[in-house]
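Undergrad: Structure file model.txt (compact mmCIF, C-alpha atoms and all ligand atoms) is given on the next line.
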```
# COMPACT_ATOMS: atom_id res chain seq x y z
CA MET C 1 -13.36 9.74 -12.20
CA ALA C 2 -10.68 7.58 -10.59
CA ILE C 3 -10.87 7.44 -6.78
CA TYR C 4 -7.32 8.78 -6.42
CA ASP C 5 -8.23 11.86 -8.44
CA THR C 6 -9.91 12.82 -5.14
CA LEU C 7 -7.70 11.02 -2.59
CA GLY C 8 -4.31 11.57 -4.17
CA ALA C 9 -3.87 15.34 -4.42
CA THR C 10 -1.01 15.48 -1.89
CA TYR C 11 0.15 11.85 -2.13
CA GLY C 12 3.72 12.67 -3.15
CA ARG C 13 4.27 14.79 -0.02
CA THR C 14 4.12 11.92 2.46
CA ARG C 15 4.33 8.78 0.30
CA ARG C 16 7.92 8.32 -0.71
CA PRO C 17 9.59 4.94 -1.16
CA ASP C 18 11.35 3.55 1.90
CA SER C 19 14.78 2.17 1.00
CA ARG C 20 14.48 -0.96 3.17
CA ILE C 21 11.08 -1.89 1.78
CA ALA C 22 12.37 -1.09 -1.73
CA ALA C 23 15.23 -3.55 -1.21
CA GLN C 24 12.77 -6.29 -0.25
CA ILE C 25 10.51 -5.59 -3.24
CA HIS C 26 13.45 -5.50 -5.64
CA ALA C 27 14.77 -8.77 -4.24
CA ALA C 28 11.33 -10.30 -4.80
CA LEU C 29 11.42 -9.15 -8.44
CA GLY C 30 14.64 -11.12 -8.79
CA ASP C 31 16.51 -10.82 -12.07
CA ALA C 32 13.50 -9.72 -14.10
CA ALA C 33 14.81 -7.58 -16.94
CA SER C 34 11.46 -5.86 -17.55
CA VAL C 35 8.85 -4.86 -14.98
CA VAL C 36 5.30 -3.47 -15.33
CA ASN C 37 3.97 -1.55 -12.32
CA VAL C 38 0.17 -1.76 -11.97
CA GLY C 39 -1.64 0.72 -9.73
CA ALA C 40 1.63 2.58 -9.94
CA GLY C 41 0.56 5.86 -8.39
CA THR C 42 3.44 8.29 -8.27
CA GLY C 43 5.99 5.55 -9.06
CA SER C 44 7.23 4.49 -5.64
CA TYR C 45 9.44 1.38 -5.66
CA GLU C 46 9.74 1.20 -9.45
CA PRO C 47 13.09 -0.34 -10.33
CA PRO C 48 15.06 1.19 -13.24
CA ARG C 49 14.01 -1.75 -15.44
CA THR C 50 10.35 -0.67 -15.29
CA VAL C 51 9.03 -0.60 -18.85
CA LEU C 52 5.50 0.66 -18.12
CA ALA C 53 3.50 2.07 -15.23
CA VAL C 54 -0.28 1.55 -15.33
CA GLU C 55 -2.37 4.00 -13.29
CA PRO C 56 -5.99 5.19 -13.61
CA SER C 57 -5.68 8.53 -11.77
CA GLN C 58 -4.54 11.59 -13.67
CA VAL C 59 -3.80 13.29 -10.34
CA MET C 60 -1.38 10.49 -9.44
CA LEU C 61 0.18 10.39 -12.90
CA ALA C 62 0.85 14.13 -12.67
CA GLN C 63 2.95 13.56 -9.52
CA ARG C 64 5.32 11.06 -11.15
CA PRO C 65 8.86 12.40 -11.05
CA PRO C 66 10.48 13.56 -14.27
CA ARG C 67 12.36 10.79 -16.08
CA SER C 68 10.31 8.03 -14.46
CA ALA C 69 9.13 5.09 -16.57
CA PRO C 70 6.54 5.63 -19.31
CA ALA C 71 3.02 5.57 -17.89
CA VAL C 72 -0.42 4.87 -19.27
CA ARG C 73 -3.83 5.73 -17.84
CA ALA C 74 -5.58 2.39 -17.46
CA VAL C 75 -6.90 -0.06 -14.87
CA ALA C 76 -5.62 -3.44 -13.70
CA GLU C 77 -8.81 -5.11 -14.89
CA ARG C 78 -7.96 -4.29 -18.54
CA LEU C 79 -4.22 -3.97 -19.01
CA PRO C 80 -3.29 -2.46 -22.38
CA LEU C 81 -0.56 -5.04 -22.93
CA GLY C 82 -0.19 -8.35 -24.72
CA ASP C 83 0.34 -11.74 -23.11
CA ASP C 84 3.79 -12.25 -21.51
CA ALA C 85 4.65 -8.59 -22.11
CA ALA C 86 7.19 -8.30 -19.25
CA ASP C 87 9.28 -10.60 -17.10
CA ALA C 88 7.57 -9.38 -13.94
CA VAL C 89 4.48 -7.43 -12.93
CA MET C 90 4.16 -5.74 -9.54
CA ALA C 91 1.10 -4.26 -7.81
CA LEU C 92 1.86 -2.45 -4.55
CA LEU C 93 -0.75 -1.37 -1.99
CA THR C 94 -3.37 -1.18 -4.72
CA VAL C 95 -5.42 -4.42 -4.98
CA HIS C 96 -7.85 -3.31 -2.25
CA HIS C 97 -8.95 -0.43 -4.51
CA TRP C 98 -9.78 -2.53 -7.58
CA THR C 99 -13.41 -2.95 -8.64
CA ASP C 100 -12.89 -6.52 -9.93
CA LEU C 101 -10.07 -8.22 -8.04
CA ALA C 102 -10.27 -11.56 -9.88
CA ALA C 103 -10.14 -9.87 -13.28
CA GLY C 104 -7.21 -7.69 -12.21
CA ILE C 105 -5.17 -10.60 -10.86
CA ALA C 106 -5.91 -12.61 -14.01
CA GLU C 107 -4.54 -9.68 -16.00
CA LEU C 108 -1.33 -9.55 -13.90
CA ARG C 109 -0.80 -13.27 -14.57
CA ARG C 110 -1.52 -12.89 -18.28
CA VAL C 111 1.00 -10.08 -18.72
CA ALA C 112 3.77 -11.49 -16.49
CA ARG C 113 6.11 -13.86 -18.29
CA ARG C 114 7.76 -15.09 -15.09
CA ARG C 115 6.77 -13.43 -11.83
CA VAL C 116 4.03 -11.46 -10.07
CA VAL C 117 4.75 -9.47 -6.88
CA VAL C 118 1.88 -8.02 -4.83
CA LEU C 119 2.17 -5.93 -1.67
CA THR C 120 -0.88 -5.95 0.58
CA TRP C 121 -1.74 -6.48 4.23
CA ASP C 122 -3.30 -9.21 6.35
CA GLN C 123 -6.23 -7.50 8.01
CA ARG C 124 -6.51 -10.06 10.84
CA ILE C 125 -2.95 -9.25 11.93
CA PHE C 126 -3.26 -5.53 11.23
CA ARG C 127 -6.36 -4.92 13.34
CA GLU C 128 -4.90 -6.94 16.22
CA ARG C 129 -1.35 -5.53 16.26
CA PHE C 130 -1.76 -1.92 15.14
CA TRP C 131 -2.66 0.04 18.27
CA LEU C 132 -4.22 2.94 16.35
CA VAL C 133 -7.06 0.99 14.77
CA ARG C 134 -7.34 -1.47 17.67
CA ASP C 135 -7.52 1.03 20.54
CA TYR C 136 -8.64 4.34 19.02
CA LEU C 137 -10.24 3.95 15.60
CA PRO C 138 -12.54 0.91 15.53
CA GLN C 139 -14.51 2.59 12.72
CA ALA C 140 -11.39 2.60 10.57
CA ALA C 141 -10.75 -1.06 11.40
CA ALA C 142 -14.34 -1.86 10.44
CA PHE C 143 -13.92 0.01 7.16
CA ASP C 144 -10.74 -1.93 6.41
CA ASP C 145 -12.64 -5.16 7.13
CA THR C 146 -14.83 -4.33 4.13
CA ARG C 147 -12.02 -3.74 1.66
CA ALA C 148 -8.96 -5.75 2.77
CA ILE C 149 -8.29 -8.78 0.60
CA PRO C 150 -7.65 -11.95 2.62
CA THR C 151 -4.10 -12.97 1.74
CA ASP C 152 -5.15 -16.59 1.25
CA ARG C 153 -7.74 -15.50 -1.31
CA LEU C 154 -5.16 -13.41 -3.08
CA ALA C 155 -2.68 -16.29 -3.06
CA ALA C 156 -5.33 -18.61 -4.51
CA LEU C 157 -6.13 -16.13 -7.31
CA LEU C 158 -2.42 -15.93 -8.03
CA GLY C 159 -2.32 -19.71 -8.43
CA GLY C 160 -0.34 -20.11 -5.20
CA ALA C 161 2.13 -17.61 -3.76
CA ARG C 162 4.93 -17.31 -1.26
CA GLN C 163 4.05 -14.82 1.49
CA GLU C 164 6.82 -12.69 3.00
CA PRO C 165 6.25 -10.40 6.00
CA VAL C 166 7.24 -6.81 5.31
CA HIS C 167 8.42 -5.33 8.60
CA VAL C 168 7.82 -1.60 8.96
CA PRO C 169 10.89 0.35 10.14
CA HIS C 170 10.30 2.80 13.01
CA ASP C 171 11.36 5.68 10.76
CA CYS C 172 9.64 4.43 7.60
CA ALA C 173 9.89 7.04 4.83
CA ASP C 174 6.66 5.92 3.13
CA GLY C 175 3.71 7.30 5.08
CA PHE C 176 1.24 4.44 4.57
CA GLY C 177 -1.32 3.33 7.17
CA ALA C 178 0.86 1.89 9.94
CA ALA C 179 4.11 3.65 8.95
CA TYR C 180 4.01 5.83 12.06
CA TRP C 181 3.49 3.02 14.58
CA ARG C 182 6.33 4.45 16.75
CA ARG C 183 5.56 8.12 15.95
CA PRO C 184 1.99 8.49 17.27
CA HIS C 185 1.87 12.29 17.02
CA ALA C 186 2.04 11.97 13.23
CA TYR C 187 -1.55 10.69 13.09
CA LEU C 188 -2.76 14.01 14.50
CA ASP C 189 -1.37 15.79 11.43
CA PRO C 190 -4.00 16.20 8.68
CA ARG C 191 -1.25 16.24 6.03
CA VAL C 192 -0.16 12.76 7.14
CA ARG C 193 -3.75 11.49 7.21
CA ALA C 194 -4.37 12.90 3.73
CA GLY C 195 -1.84 10.42 2.33
CA ILE C 196 -3.58 7.41 3.91
CA SER C 197 -6.78 6.26 2.20
CA LEU C 198 -7.96 4.45 5.35
CA PHE C 199 -8.54 7.80 7.06
CA ALA C 200 -9.85 9.67 4.05
CA GLN C 201 -12.35 6.92 3.25
CA THR C 202 -13.48 6.30 6.83
CA GLY C 203 -14.13 10.03 7.15
CA GLU C 204 -12.92 12.76 9.50
CA ASP C 205 -16.17 12.85 11.52
CA ALA C 206 -15.96 9.13 12.28
CA ILE C 207 -12.32 9.26 13.39
CA ALA C 208 -12.50 12.55 15.33
CA PRO C 209 -13.39 10.97 18.74
CA GLY C 210 -10.55 8.45 18.45
CA LEU C 211 -8.06 11.14 17.51
CA ALA C 212 -9.23 13.21 20.49
CA ALA C 213 -8.62 10.22 22.77
CA LEU C 214 -5.15 9.75 21.26
CA THR C 215 -4.38 13.44 21.79
CA ALA C 216 -5.35 13.11 25.44
CA ASP C 217 -3.29 9.94 25.93
CA LEU C 218 -0.25 11.60 24.38
CA GLU C 219 -0.65 14.64 26.62
CA THR C 220 -0.95 12.61 29.81
CA GLY C 221 1.82 10.17 28.86
CA ARG C 222 -0.65 7.27 28.95
CA TRP C 223 0.20 6.24 25.37
CA HIS C 224 3.94 6.07 26.11
CA HIS C 225 3.31 4.15 29.31
CA ARG C 226 1.11 1.58 27.55
CA HIS C 227 3.45 1.19 24.58
CA ALA C 228 6.85 1.20 26.23
CA ASP C 229 7.56 -2.11 24.46
CA LEU C 230 7.05 -0.51 21.04
CA LEU C 231 9.41 2.35 21.81
CA ALA C 232 12.22 -0.17 22.23
CA ARG C 233 11.65 -1.76 18.79
CA ASP C 234 13.29 -0.83 15.49
CA SER C 235 10.71 -2.45 13.26
CA LEU C 236 7.32 -4.12 13.57
CA ASP C 237 5.35 -6.76 11.72
CA VAL C 238 1.93 -5.12 11.49
CA GLY C 239 0.65 -7.51 8.84
CA TYR C 240 2.04 -6.14 5.58
CA ARG C 241 2.75 -9.01 3.22
CA LEU C 242 4.54 -9.45 -0.08
CA LEU C 243 3.00 -12.18 -2.21
CA VAL C 244 5.38 -13.61 -4.78
CA THR C 245 4.41 -16.08 -7.44
CA ASP C 246 6.11 -17.57 -10.48
CA SER C 247 4.21 -18.40 -13.63
C1 LIG M 301 -2.20 3.53 -2.21
S1 LIG M 301 -1.93 3.92 -3.90
C2 LIG M 301 -0.43 2.97 -4.21
C3 LIG M 301 0.39 3.57 -5.30
C4 LIG M 301 1.77 2.94 -5.49
N1 LIG M 301 1.66 1.56 -5.92
C5 LIG M 301 2.57 3.05 -4.21
O1 LIG M 301 2.94 1.99 -3.65
O2 LIG M 301 2.84 4.17 -3.77
C6 LIG M 301 -3.15 2.96 -4.74
C7 LIG M 301 -3.16 3.19 -6.23
O3 LIG M 301 -4.02 2.24 -6.87
C8 LIG M 301 -4.64 2.90 -7.95
N2 LIG M 301 -5.84 2.17 -8.39
C9 LIG M 301 -7.11 2.27 -7.92
N3 LIG M 301 -7.94 1.47 -8.61
C10 LIG M 301 -7.17 0.83 -9.54
C11 LIG M 301 -7.45 -0.13 -10.57
N4 LIG M 301 -8.68 -0.62 -10.75
N5 LIG M 301 -6.42 -0.53 -11.34
C12 LIG M 301 -5.18 -0.07 -11.14
N6 LIG M 301 -4.87 0.83 -10.19
C13 LIG M 301 -5.85 1.28 -9.39
C14 LIG M 301 -4.94 4.28 -7.40
O4 LIG M 301 -5.25 5.21 -8.42
C15 LIG M 301 -3.67 4.57 -6.64
O5 LIG M 301 -2.72 5.23 -7.41
```
As structure tokens, how would this structure be written, given the file I've shared?
Ligand SMILES: C[S@@+](CC[C@H](N)C(=O)[O-])C[C@H]1O[C@@H](n2cnc3c(N)ncnc32)[C@H](O)[C@@H]1O

TA:
Amino acid sequence: MAIYDTLGATYGRTRRPDSRIAAQIHAALGDAASVVNVGAGTGSYEPPRTVLAVEPSQVMLAQRPPRSAPAVRAVAERLPLGDDAADAVMALLTVHHWTDLAAGIAELRRVARRRVVVLTWDQRIFRERFWLVRDYLPQAAAFDDTRAIPTDRLAALLGGARQEPVHVPHDCADGFGAAYWRRPHAYLDPRVRAGISLFAQTGEDAIAPGLAALTADLETGRWHHRHADLLARDSLDVGYRLLVTDS
């Protein structure tokens, strides 16, 4: 059973593409006339020229909108495609879930005729700059330490890659891990947490004390006092990175 058959039941409720991040991803894809989306989930960020979405979870496939690109149930490590099958291949917020990263990246490079685009995060930056894991949920930060892929390792597997910071807007529409950096109350909502694998996989018992401390700090105004600088910002670099490589 694919991990997102368990984690992904309500994914589409809180994980919708953000238009500003979409623009950055689409710019990175350049003029590719055909795109394969690997670890596609519900289809966020797929440009109209997407020819195939590859996704192992039936629960995620079932949440793809009508009229989205054709999709196949498969894993990155064994793509059901020939060599040079598409101009570009993208893999967004998925590589940290793969069982064999090197095999999966080799498959992306085999299938991409011209370009590979990967969205991931730099854990060293994330755990330092994102107040939630730094100040309240050290268990979640420790869990991420075990699964985050160092961006330099990823770049090396890609045969060298340009790394672009992806700044997270304060009103980001896509509810991924740090999307609510300026909306702290959101993390107290179980529906929001259900769309973020970091919380689901760390476990509710482990994060309960940190969430209780956050609740208290929001009630007393301590959080707002400590983070007055954040409240004045429109976007934040929390460590998300787009890796772009040409073959
Ligand atoms: C956080 S979701 C991201 C989905 C989508 N790319 C997005 O940006 O919304 C991670 C996805 O990776 C998929 N995944 C997990 N293991 C995978 C593997 N070995 N190969 C391909 N996809 C995988 C999951 O099923 C899930 O849909």

Undergrad: If I take CA of Gly195 (chain C) and CA of Ala76 (chain C), how far is one from the other in Å, to one decimal?

TA: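 A separation of 21.5 Å between them.
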
Undergrad: Identify, on the basis of all atoms listed in the file, every residue whose closest approach to Leu218 (chain C) does not exceed 12 Å; exclude the query and any residue fewer than 6 positions from it along the same chain; express the result as a list of chain:residue names.

TA: C:Arg183, C:Pro184, C:His185, C:Ala186, C:Tyr187, C:Leu188, C:Leu211, C:Ala212, C:His224, C:His225, C:Arg226, C:His227

Undergrad: I'd like the contact shell of region 136-149 of chain C - 6 Å cut-off, only C-alpha atoms, skipping same-chain residues fewer than 2 positions apart - returned as a ChimeraX atom specification.

TA: /C:96,132-133,202,210

Undergrad: Ligand LIG 301 (chain M): which residues are within 9 Å, counting all atoms listed in the file, as a PDB file with C-alpha atoms, in the coordinates of the input?

TA:
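Result saved to out-v6.pdb:
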```pdb
ATOM      1  CA  ALA C   2     -10.680   7.580 -10.590  1.00  0.00           C
ATOM      2  CA  ILE C   3     -10.870   7.440  -6.780  1.00  0.00           C
ATOM      3  CA  TYR C   4      -7.320   8.780  -6.420  1.00  0.00           C
ATOM      4  CA  ASP C   5      -8.230  11.860  -8.440  1.00  0.00           C
ATOM      5  CA  LEU C   7      -7.700  11.020  -2.590  1.00  0.00           C
ATOM      6  CA  GLY C   8      -4.310  11.570  -4.170  1.00  0.00           C
ATOM      7  CA  TYR C  11       0.150  11.850  -2.130  1.00  0.00           C
ATOM      8  CA  GLY C  12       3.720  12.670  -3.150  1.00  0.00           C
ATOM      9  CA  ARG C  15       4.330   8.780   0.300  1.00  0.00           C
ATOM     10  CA  ARG C  16       7.920   8.320  -0.710  1.00  0.00           C
ATOM     11  CA  PRO C  17       9.590   4.940  -1.160  1.00  0.00           C
ATOM     12  CA  ASN C  37       3.970  -1.550 -12.320  1.00  0.00           C
ATOM     13  CA  VAL C  38       0.170  -1.760 -11.970  1.00  0.00           C
ATOM     14  CA  GLY C  39      -1.640   0.720  -9.730  1.00  0.00           C
ATOM     15  CA  ALA C  40       1.630   2.580  -9.940  1.00  0.00           C
ATOM     16  CA  GLY C  41       0.560   5.860  -8.390  1.00  0.00           C
ATOM     17  CA  THR C  42       3.440   8.290  -8.270  1.00  0.00           C
ATOM     18  CA  GLY C  43       5.990   5.550  -9.060  1.00  0.00           C
ATOM     19  CA  SER C  44       7.230   4.490  -5.640  1.00  0.00           C
ATOM     20  CA  TYR C  45       9.440   1.380  -5.660  1.00  0.00           C
ATOM     21  CA  GLU C  46       9.740   1.200  -9.450  1.00  0.00           C
ATOM     22  CA  VAL C  54      -0.280   1.550 -15.330  1.00  0.00           C
ATOM     23  CA  GLU C  55      -2.370   4.000 -13.290  1.00  0.00           C
ATOM     24  CA  PRO C  56      -5.990   5.190 -13.610  1.00  0.00           C
ATOM     25  CA  SER C  57      -5.680   8.530 -11.770  1.00  0.00           C
ATOM     26  CA  GLN C  58      -4.540  11.590 -13.670  1.00  0.00           C
ATOM     27  CA  VAL C  59      -3.800  13.290 -10.340  1.00  0.00           C
ATOM     28  CA  MET C  60      -1.380  10.490  -9.440  1.00  0.00           C
ATOM     29  CA  LEU C  61       0.180  10.390 -12.900  1.00  0.00           C
ATOM     30  CA  ARG C  73      -3.830   5.730 -17.840  1.00  0.00           C
ATOM     31  CA  ALA C  74      -5.580   2.390 -17.460  1.00  0.00           C
ATOM     32  CA  VAL C  75      -6.900  -0.060 -14.870  1.00  0.00           C
ATOM     33  CA  ALA C  76      -5.620  -3.440 -13.700  1.00  0.00           C
ATOM     34  CA  GLU C  77      -8.810  -5.110 -14.890  1.00  0.00           C
ATOM     35  CA  ARG C  78      -7.960  -4.290 -18.540  1.00  0.00           C
ATOM     36  CA  LEU C  79      -4.220  -3.970 -19.010  1.00  0.00           C
ATOM     37  CA  MET C  90       4.160  -5.740  -9.540  1.00  0.00           C
ATOM     38  CA  ALA C  91       1.100  -4.260  -7.810  1.00  0.00           C
ATOM     39  CA  LEU C  92       1.860  -2.450  -4.550  1.00  0.00           C
ATOM     40  CA  LEU C  93      -0.750  -1.370  -1.990  1.00  0.00           C
ATOM     41  CA  THR C  94      -3.370  -1.180  -4.720  1.00  0.00           C
ATOM     42  CA  VAL C  95      -5.420  -4.420  -4.980  1.00  0.00           C
ATOM     43  CA  HIS C  96      -7.850  -3.310  -2.250  1.00  0.00           C
ATOM     44  CA  HIS C  97      -8.950  -0.430  -4.510  1.00  0.00           C
ATOM     45  CA  TRP C  98      -9.780  -2.530  -7.580  1.00  0.00           C
ATOM     46  CA  THR C  99     -13.410  -2.950  -8.640  1.00  0.00           C
ATOM     47  CA  ASP C 100     -12.890  -6.520  -9.930  1.00  0.00           C
ATOM     48  CA  LEU C 101     -10.070  -8.220  -8.040  1.00  0.00           C
ATOM     49  CA  GLY C 104      -7.210  -7.690 -12.210  1.00  0.00           C
ATOM     50  CA  LEU C 119       2.170  -5.930  -1.670  1.00  0.00           C
ATOM     51  CA  ASP C 174       6.660   5.920   3.130  1.00  0.00           C
ATOM     52  CA  PHE C 176       1.240   4.440   4.570  1.00  0.00           C
ATOM     53  CA  GLY C 195      -1.840  10.420   2.330  1.00  0.00           C
ATOM     54  CA  ILE C 196      -3.580   7.410   3.910  1.00  0.00           C
ATOM     55  CA  SER C 197      -6.780   6.260   2.200  1.00  0.00           C
TER      56      SER C 197
END
```

Undergrad: Using Å and a single decimal, report how far CA of His26 (chain C) sits from CA of Pro66 (chain C).

TA: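 One can read the CA of Pro66 (chain C) to CA of His26 (chain C) distance as 21.1 Å.
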
Undergrad: Between CA of Val51 (chain C) and CA of Ile25 (chain C), what is the distance in Å, rounded to a tenth?

TA: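 Value for the CA of Val51 (chain C)-CA of Ile25 (chain C) distance: 16.5 Å.
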
Undergrad: So which residues touch Leu158 (chain C) within 8 Å, counting all atoms listed in the file, skipping near sequence neighbours fewer than 4 positions away, as a compact mmCIF listing (two decimals) with C-alpha atoms, in the coordinates of the input?

TA:
```txt
# COMPACT_ATOMS: atom_id res chain seq x y z
CA ILE C 105 -5.17 -10.60 -10.86
CA ALA C 106 -5.91 -12.61 -14.01
CA ARG C 109 -0.80 -13.27 -14.57
CA LEU C 154 -5.16 -13.41 -3.08
CA THR C 245 4.41 -16.08 -7.44
```

Undergrad: Counting only C-alpha atoms, which residue out of C:Glu107, C:Asp217, C:Asp152, C:Asp87 sits closest to Arg124 (chain C)?

TA: C:Asp152

Undergrad: Taking (5.1, -2.0, -18.2) in the file's coordinates as the center, which residues reach within 10 Å of it, counting all atoms listed in the file, put as an MDAnalysis selection string?

TA: chainID C and resid 34:38 49:54 69:72 79:81 85:90 111:112

Undergrad: Excluding Gly239 (chain C) and any residue of its chain fewer than 5 positions from it, enumerate the residues within 12 Å of it, using all atoms listed in the file, and give them as a list in words.

TA: Leu119, Thr120, Trp121, Asp122, Gln123, Arg124, Ile125, Phe126, Arg127, Glu128, Arg129, Phe130, Ala148, Pro150, Thr151, Gln163, Glu164, Pro165, Val166, His167, Val168, Gly177, Ala178 and Ala179 of chain C
